[in-house]
>>> print(open('my_file-v2.txt').read())   # compact mmCIF, C-alpha atoms and all ligand atoms
# COMPACT_ATOMS: atom_id res chain seq x y z
CA MET H 1 19.73 -12.37 -4.58
CA SER H 2 23.19 -12.16 -3.03
CA ASP H 3 26.42 -11.87 -4.98
CA LEU H 4 28.16 -15.21 -5.44
CA LEU H 5 31.29 -13.70 -6.98
CA VAL H 6 32.72 -10.27 -6.19
CA ILE H 7 35.90 -9.01 -7.88
CA GLU H 8 37.26 -5.71 -6.58
CA ASN H 9 39.99 -3.68 -8.31
CA LEU H 10 41.74 -6.77 -9.59
CA VAL H 11 45.20 -6.36 -11.08
CA SER H 12 46.75 -9.58 -12.36
CA GLY H 13 48.81 -11.04 -15.17
CA TYR H 14 51.83 -13.14 -15.98
CA ARG H 15 55.36 -12.54 -14.68
CA ASP H 16 56.14 -8.91 -15.60
CA ALA H 17 53.02 -8.44 -17.71
CA VAL H 18 49.97 -6.86 -16.10
CA VAL H 19 46.91 -7.90 -18.15
CA ILE H 20 43.91 -7.25 -15.89
CA ASN H 21 43.94 -3.56 -14.98
CA GLY H 22 41.91 -2.75 -11.88
CA LEU H 23 38.78 -4.66 -12.88
CA SER H 24 35.68 -4.87 -10.66
CA LEU H 25 32.75 -7.15 -11.31
CA SER H 26 30.07 -8.94 -9.33
CA LEU H 27 27.75 -11.75 -10.24
CA GLU H 28 24.59 -12.83 -8.43
CA ALA H 29 23.85 -16.47 -7.77
CA GLY H 30 21.85 -17.85 -10.69
CA GLN H 31 23.04 -15.21 -13.17
CA ALA H 32 24.79 -15.91 -16.45
CA LEU H 33 27.39 -13.43 -17.68
CA ALA H 34 28.75 -13.13 -21.22
CA LEU H 35 32.43 -12.13 -21.10
CA LEU H 36 33.15 -10.56 -24.47
CA GLY H 37 35.91 -8.70 -26.26
CA ARG H 38 38.25 -8.91 -29.20
CA ASN H 39 41.29 -11.19 -29.27
CA GLY H 40 43.87 -10.57 -26.56
CA THR H 41 41.73 -8.25 -24.43
CA GLY H 42 42.14 -10.36 -21.27
CA LYS H 43 39.11 -12.66 -21.18
CA THR H 44 41.09 -15.85 -20.57
CA THR H 45 43.37 -14.03 -18.12
CA LEU H 46 40.32 -12.95 -16.10
CA ILE H 47 38.93 -16.50 -16.06
CA ASP H 48 42.37 -17.83 -15.07
CA SER H 49 42.62 -15.18 -12.35
CA ILE H 50 39.27 -16.28 -10.89
CA MET H 51 40.71 -19.82 -10.90
CA GLY H 52 43.96 -18.65 -9.24
CA LEU H 53 46.21 -19.45 -12.19
CA THR H 54 47.72 -16.00 -12.80
CA ARG H 55 50.09 -13.75 -10.90
CA HIS H 56 48.05 -11.72 -8.44
CA VAL H 57 49.21 -8.13 -8.09
CA SER H 58 46.43 -6.46 -6.09
CA GLY H 59 42.70 -6.43 -5.51
CA ARG H 60 40.35 -8.95 -4.02
CA ILE H 61 38.18 -11.87 -5.14
CA SER H 62 35.36 -13.12 -2.91
CA PHE H 63 33.34 -16.22 -3.63
CA ASN H 64 30.28 -17.35 -1.72
CA GLY H 65 31.07 -14.86 1.04
CA GLU H 66 34.69 -15.97 1.45
CA ASP H 67 37.86 -14.10 0.49
CA ILE H 68 39.56 -16.52 -1.95
CA THR H 69 42.20 -14.07 -3.23
CA ARG H 70 45.07 -16.15 -1.84
CA PHE H 71 43.50 -19.59 -2.36
CA ALA H 72 45.34 -22.12 -4.55
CA PRO H 73 43.38 -23.33 -7.63
CA GLU H 74 42.42 -26.66 -5.98
CA ARG H 75 40.93 -24.84 -3.01
CA ARG H 76 38.92 -22.62 -5.34
CA ALA H 77 37.64 -25.71 -7.15
CA ALA H 78 36.74 -27.31 -3.80
CA ALA H 79 34.87 -24.12 -2.86
CA GLY H 80 32.65 -24.64 -5.93
CA ILE H 81 34.27 -22.94 -8.91
CA GLY H 82 34.08 -25.19 -11.97
CA TRP H 83 36.41 -24.45 -14.88
CA VAL H 84 36.32 -25.61 -18.49
CA PRO H 85 39.48 -24.25 -20.13
CA GLN H 86 39.92 -23.71 -23.85
CA GLU H 87 42.08 -26.86 -24.04
CA ARG H 88 39.20 -29.23 -23.08
CA ASN H 89 40.67 -31.02 -20.09
CA ILE H 90 39.58 -34.64 -20.52
CA PHE H 91 41.34 -37.98 -20.02
CA ARG H 92 41.84 -39.20 -23.58
CA SER H 93 42.71 -42.77 -22.59
CA LEU H 94 39.59 -43.23 -20.41
CA THR H 95 36.06 -43.89 -21.63
CA VAL H 96 33.41 -41.18 -21.46
CA GLU H 97 31.89 -42.86 -18.41
CA GLU H 98 35.26 -43.29 -16.69
CA ASN H 99 36.00 -39.62 -17.32
CA LEU H 100 32.82 -38.77 -15.45
CA THR H 101 33.08 -41.22 -12.55
CA ALA H 102 36.78 -40.39 -12.01
CA VAL H 103 35.86 -36.91 -10.83
CA GLN H 104 32.47 -37.53 -9.24
CA ARG H 105 32.05 -36.10 -5.76
CA GLY H 106 28.98 -38.17 -4.86
CA SER H 107 27.04 -35.03 -5.57
CA ALA H 108 23.84 -33.86 -7.15
CA TRP H 109 25.27 -34.56 -10.60
CA THR H 110 25.17 -38.28 -11.40
CA VAL H 111 26.22 -39.97 -14.62
CA GLU H 112 22.53 -40.48 -15.51
CA ARG H 113 21.74 -36.82 -14.99
CA VAL H 114 24.67 -35.84 -17.18
CA TYR H 115 23.49 -38.20 -19.94
CA ALA H 116 20.01 -36.65 -19.73
CA MET H 117 21.67 -33.23 -20.28
CA PHE H 118 24.00 -34.53 -23.02
CA PRO H 119 22.30 -37.55 -24.69
CA ARG H 120 25.22 -37.75 -27.15
CA LEU H 121 27.56 -38.63 -24.26
CA GLY H 122 25.23 -41.44 -23.17
CA GLU H 123 25.42 -42.88 -26.68
CA ARG H 124 29.23 -42.68 -26.56
CA LYS H 125 29.74 -43.76 -22.94
CA ARG H 126 32.01 -46.72 -23.80
CA ASN H 127 34.15 -44.73 -26.26
CA LEU H 128 37.57 -43.44 -25.25
CA GLY H 129 38.14 -39.71 -24.97
CA ASN H 130 40.43 -39.77 -27.99
CA GLN H 131 37.68 -41.38 -30.11
CA LEU H 132 35.34 -38.43 -29.65
CA SER H 133 34.79 -35.56 -32.06
CA GLY H 134 35.79 -32.06 -30.99
CA GLY H 135 32.19 -31.26 -30.09
CA GLU H 136 31.79 -34.43 -28.03
CA GLN H 137 35.05 -33.72 -26.20
CA GLN H 138 33.77 -30.25 -25.37
CA MET H 139 30.50 -31.71 -24.05
CA LEU H 140 32.53 -34.16 -21.96
CA ALA H 141 34.68 -31.33 -20.60
CA VAL H 142 31.54 -29.45 -19.50
CA ALA H 143 30.03 -32.66 -18.10
CA ARG H 144 33.19 -33.38 -16.08
CA ALA H 145 33.01 -29.93 -14.56
CA LEU H 146 29.37 -30.56 -13.61
CA MET H 147 30.30 -33.80 -11.81
CA LEU H 148 32.19 -31.61 -9.32
CA ASP H 149 28.88 -29.92 -8.50
CA PRO H 150 30.03 -26.33 -9.10
CA LYS H 151 28.23 -23.26 -7.79
CA LEU H 152 29.89 -21.20 -10.53
CA LEU H 153 30.88 -22.54 -13.94
CA LEU H 154 33.58 -20.78 -15.98
CA LEU H 155 33.37 -21.69 -19.68
CA ASP H 156 36.26 -20.38 -21.80
CA GLU H 157 35.24 -20.27 -25.47
CA PRO H 158 33.44 -23.63 -25.40
CA LEU H 159 32.05 -23.14 -28.92
CA GLU H 160 35.34 -22.39 -30.63
CA GLY H 161 36.22 -24.55 -33.62
CA LEU H 162 32.99 -26.59 -33.53
CA ALA H 163 30.70 -27.24 -36.48
CA PRO H 164 27.49 -25.14 -36.45
CA ILE H 165 25.21 -28.10 -35.64
CA ILE H 166 27.31 -28.97 -32.58
CA VAL H 167 27.51 -25.32 -31.54
CA ASP H 168 23.70 -25.26 -31.43
CA GLU H 169 23.52 -28.54 -29.48
CA LEU H 170 26.10 -27.44 -26.90
CA LEU H 171 24.58 -23.99 -26.59
CA ALA H 172 21.15 -25.53 -25.99
CA ALA H 173 22.62 -27.60 -23.15
CA ILE H 174 24.34 -24.52 -21.68
CA ALA H 175 21.03 -22.64 -21.94
CA ARG H 176 19.31 -25.46 -20.00
CA LEU H 177 22.01 -25.31 -17.31
CA ILE H 178 21.34 -21.58 -16.97
CA ARG H 179 17.53 -21.53 -17.24
CA GLU H 180 16.52 -24.86 -15.67
CA GLU H 181 19.39 -25.72 -13.32
CA LYS H 182 19.87 -22.03 -12.34
CA LEU H 183 23.63 -22.47 -12.52
CA THR H 184 25.76 -19.33 -12.22
CA VAL H 185 27.87 -19.14 -15.37
CA ILE H 186 30.55 -16.94 -16.93
CA LEU H 187 30.70 -17.66 -20.63
CA VAL H 188 33.64 -16.38 -22.71
CA GLU H 189 32.96 -16.12 -26.40
CA GLN H 190 34.03 -14.26 -29.52
CA LYS H 191 30.65 -14.66 -31.19
CA ALA H 192 28.57 -12.35 -29.02
CA ARG H 193 25.35 -12.80 -30.98
CA LYS H 194 25.45 -16.56 -30.39
CA ILE H 195 25.60 -16.38 -26.62
CA LEU H 196 23.79 -13.17 -25.67
CA PRO H 197 20.37 -14.84 -26.10
CA VAL H 198 21.27 -17.35 -23.35
CA THR H 199 23.01 -15.00 -20.86
CA ASP H 200 21.51 -12.36 -18.56
CA ARG H 201 24.28 -9.76 -18.55
CA ALA H 202 27.32 -8.93 -20.62
CA VAL H 203 30.62 -7.16 -20.09
CA ILE H 204 33.08 -6.27 -22.84
CA LEU H 205 36.79 -6.17 -22.05
CA ASP H 206 39.47 -4.09 -23.70
CA ARG H 207 43.06 -3.99 -22.46
CA GLY H 208 42.11 -5.83 -19.30
CA ALA H 209 39.33 -3.47 -18.25
CA ILE H 210 35.56 -3.41 -18.66
CA VAL H 211 34.71 -0.91 -21.41
CA HIS H 212 31.00 -1.72 -21.69
CA ALA H 213 28.46 -3.39 -19.38
CA ALA H 214 24.79 -4.01 -20.11
CA THR H 215 22.07 -6.57 -19.92
CA SER H 216 22.43 -9.12 -22.71
CA ALA H 217 19.18 -7.93 -24.30
CA GLU H 218 20.38 -4.30 -24.29
CA LEU H 219 23.70 -5.21 -25.87
CA LEU H 220 22.05 -7.35 -28.54
CA ALA H 221 20.03 -4.31 -29.59
CA ASP H 222 22.97 -1.90 -29.36
CA GLU H 223 24.61 -1.91 -32.78
CA ALA H 224 26.88 1.00 -31.86
CA ALA H 225 28.38 -0.74 -28.82
CA MET H 226 28.81 -3.97 -30.76
CA ALA H 227 30.56 -2.16 -33.61
CA ALA H 228 32.75 -0.13 -31.25
CA HIS H 229 33.99 -2.97 -29.09
CA LEU H 230 33.57 -6.26 -30.93
CA SER H 231 34.91 -7.71 -34.16
CA VAL H 232 33.50 -6.70 -37.51
CA ALA H 233 32.53 -10.32 -38.04
CA GLU H 234 29.94 -9.79 -35.33
CA ARG H 235 27.50 -8.09 -37.71
CA PRO H 236 24.12 -9.87 -37.92
CA ALA H 237 24.22 -12.72 -40.41
CA ARG H 238 22.35 -11.96 -43.63
CA PRO H 239 20.62 -14.82 -45.38
CA ARG H 240 22.63 -15.76 -48.45
CA ARG H 241 22.87 -18.61 -50.88
CA SER H 242 25.36 -21.24 -49.91
CA THR H 243 28.29 -21.60 -52.25
CA ASN H 244 29.22 -24.93 -50.70
CA PRO H 245 26.84 -27.81 -51.46
CA VAL H 246 28.52 -30.06 -48.85
CA PRO H 247 26.93 -29.71 -45.39
CA PRO H 248 29.28 -29.16 -42.42
CA ASP H 249 30.64 -32.27 -40.76
CA ALA H 250 28.01 -33.14 -38.16
CA THR H 251 30.50 -34.88 -35.90
CA GLY H 252 31.77 -31.60 -34.47
CA HIS H 253 34.91 -31.38 -36.56
CA ASN H 254 35.32 -28.30 -38.68
CA ALA H 255 34.32 -28.78 -42.25
CA PRO H 256 37.38 -28.69 -44.53
N1 LIG E 301 51.15 -16.94 -20.35
C1 LIG E 301 51.21 -15.65 -20.72
N2 LIG E 301 52.31 -14.91 -20.46
C2 LIG E 301 52.39 -13.60 -20.82
N3 LIG E 301 51.40 -12.95 -21.45
C3 LIG E 301 50.27 -13.62 -21.73
C4 LIG E 301 50.12 -15.01 -21.39
N4 LIG E 301 48.88 -15.42 -21.81
C5 LIG E 301 48.30 -14.33 -22.38
N5 LIG E 301 49.13 -13.27 -22.34
C6 LIG E 301 48.84 -11.92 -22.86
O1 LIG E 301 47.77 -11.36 -22.15
C7 LIG E 301 46.92 -10.61 -23.01
C8 LIG E 301 45.51 -11.10 -22.87
O2 LIG E 301 45.43 -12.44 -23.35
P1 LIG E 301 44.13 -13.34 -23.09
O3 LIG E 301 44.44 -14.73 -23.58
O4 LIG E 301 43.68 -13.18 -21.69
O5 LIG E 301 43.08 -12.62 -24.06
P2 LIG E 301 41.69 -13.15 -24.58
O6 LIG E 301 40.78 -11.95 -24.54
O7 LIG E 301 41.26 -14.36 -23.86
O8 LIG E 301 42.01 -13.47 -26.09
P3 LIG E 301 41.56 -14.71 -27.03
O9 LIG E 301 40.19 -14.43 -27.40
O10 LIG E 301 42.52 -14.57 -28.17
O11 LIG E 301 41.75 -15.96 -26.23
C9 LIG E 301 47.49 -10.76 -24.40
O12 LIG E 301 48.24 -9.60 -24.69
C10 LIG E 301 48.38 -11.98 -24.31
O13 LIG E 301 49.46 -11.84 -25.18
>>> encode(input="my_file-v2.txt", output="structure tokens")
Amino acid sequence: MSDLLVIENLVSGYRDAVVINGLSLSLEAGQALALLGRNGTGKTTLIDSIMGLTRHVSGRISFNGEDITRFAPERRAAAGIGWVPQERNIFRSLTVEENLTAVQRGSAWTVERVYAMFPRLGERKRNLGNQLSGGEQQMLAVARALMLDPKLLLLDEPLEGLAPIIVDELLAAIARLIREEKLTVILVEQKARKILPVTDRAVILDRGAIVHAATSAELLADEAAMAAHLSVAERPARPRRSTNPVPPDATGHNAP
């Protein structure tokens, strides 16, 4: 398989601040990469740099055989890079269906195909964006990105702040995009153990550089690397009795 994305010695950041420090990374078409690391290690800055939203200092980014280093964000999107930022970019005053058709490129991804991937969106197709739960908004944000028929999908902490039941539903859809649709994906997440089962490879960032790279299966089995580079909260969950008799809010909002 050929590399869809190649990043060579990238240095980038914001105004005077250099955040990404000479990072190199390549991703084959059809691969899914987990982009991991503690808070503030540069994950979002790397995603934003791939999208052309940061200050470029030096280095090179190639996508689908083309040097896109100097491309504006819209040109990168047109070249096939789909982006779902942490802020869930959806039109809140449009219905679910209008959100989808507003961005459709007459591509492989139709509204019906999106509803087959996210049945919950089909059920809510006449609801406005601002009437959706957090989890539904996140599904809609991913679905909108799909309507642009991306070759590479960048997902920046899509699971953050969602109730466990919605996390599992969204993760199952992302897993289908990776395994069945063979979409190339970079998935940013704090909870490594949640996403490593659905990705092929993983890199861990610290201070804007890759400090560990492995297959996802290797990293999942590597307690020492997890402990060294990821948060303490990333220890395997032990079964324990619930102290809270109220189940989490199944709408996707955090339980109080
Ligand atoms: N707009 C900005 N201007 C200047 N510095 C920024 C800006 N955004 C982020 N930074 C800095 O860049 C560094 C990396 O932040 P970044 O958001 O990329 O980390 P992250 O790994 O995605 O963290 P998190 O998991 O908390 O989102 C941090 O030190 C942060 O303070």
>>> closest_residue(input="my_file-v2.txt", among="H:Ala72, H:Ile20, H:Val6, H:Ile178", to="ligand LIG 301 (chain E)", atoms="only C-alpha atoms and all ligand atoms")
H:Ile20
>>> atom_distance(input="my_file-v2.txt", atom1="atom CA of Lys43 of chain H", atom2="atom CA of Phe91 of chain H")
25.4 Å
>>> residues_near_ligand(input="my_file-v2.txt", ligand="ligand LIG 301 (chain E)", cutoff="6 Å", atoms="all atoms listed in the file", output="MDAnalysis selection string")
chainID H and resid 14 19 39:45
>>> atom_distance(input="my_file-v2.txt", atom1="atom CA of Gly80 of chain H", atom2="atom CA of Leu27 of chain H")
14.4 Å
>>> closest_residue(input="my_file-v2.txt", among="H:Pro119, H:Gly129, H:Gly13, H:Gly208", to="Arg88 of chain H", atoms="only C-alpha atoms")
H:Gly129
>>> atom_distance(input="my_file-v2.txt", atom1="atom CA of Leu140 of chain H", atom2="atom CA of Leu121 of chain H")
7.1 Å
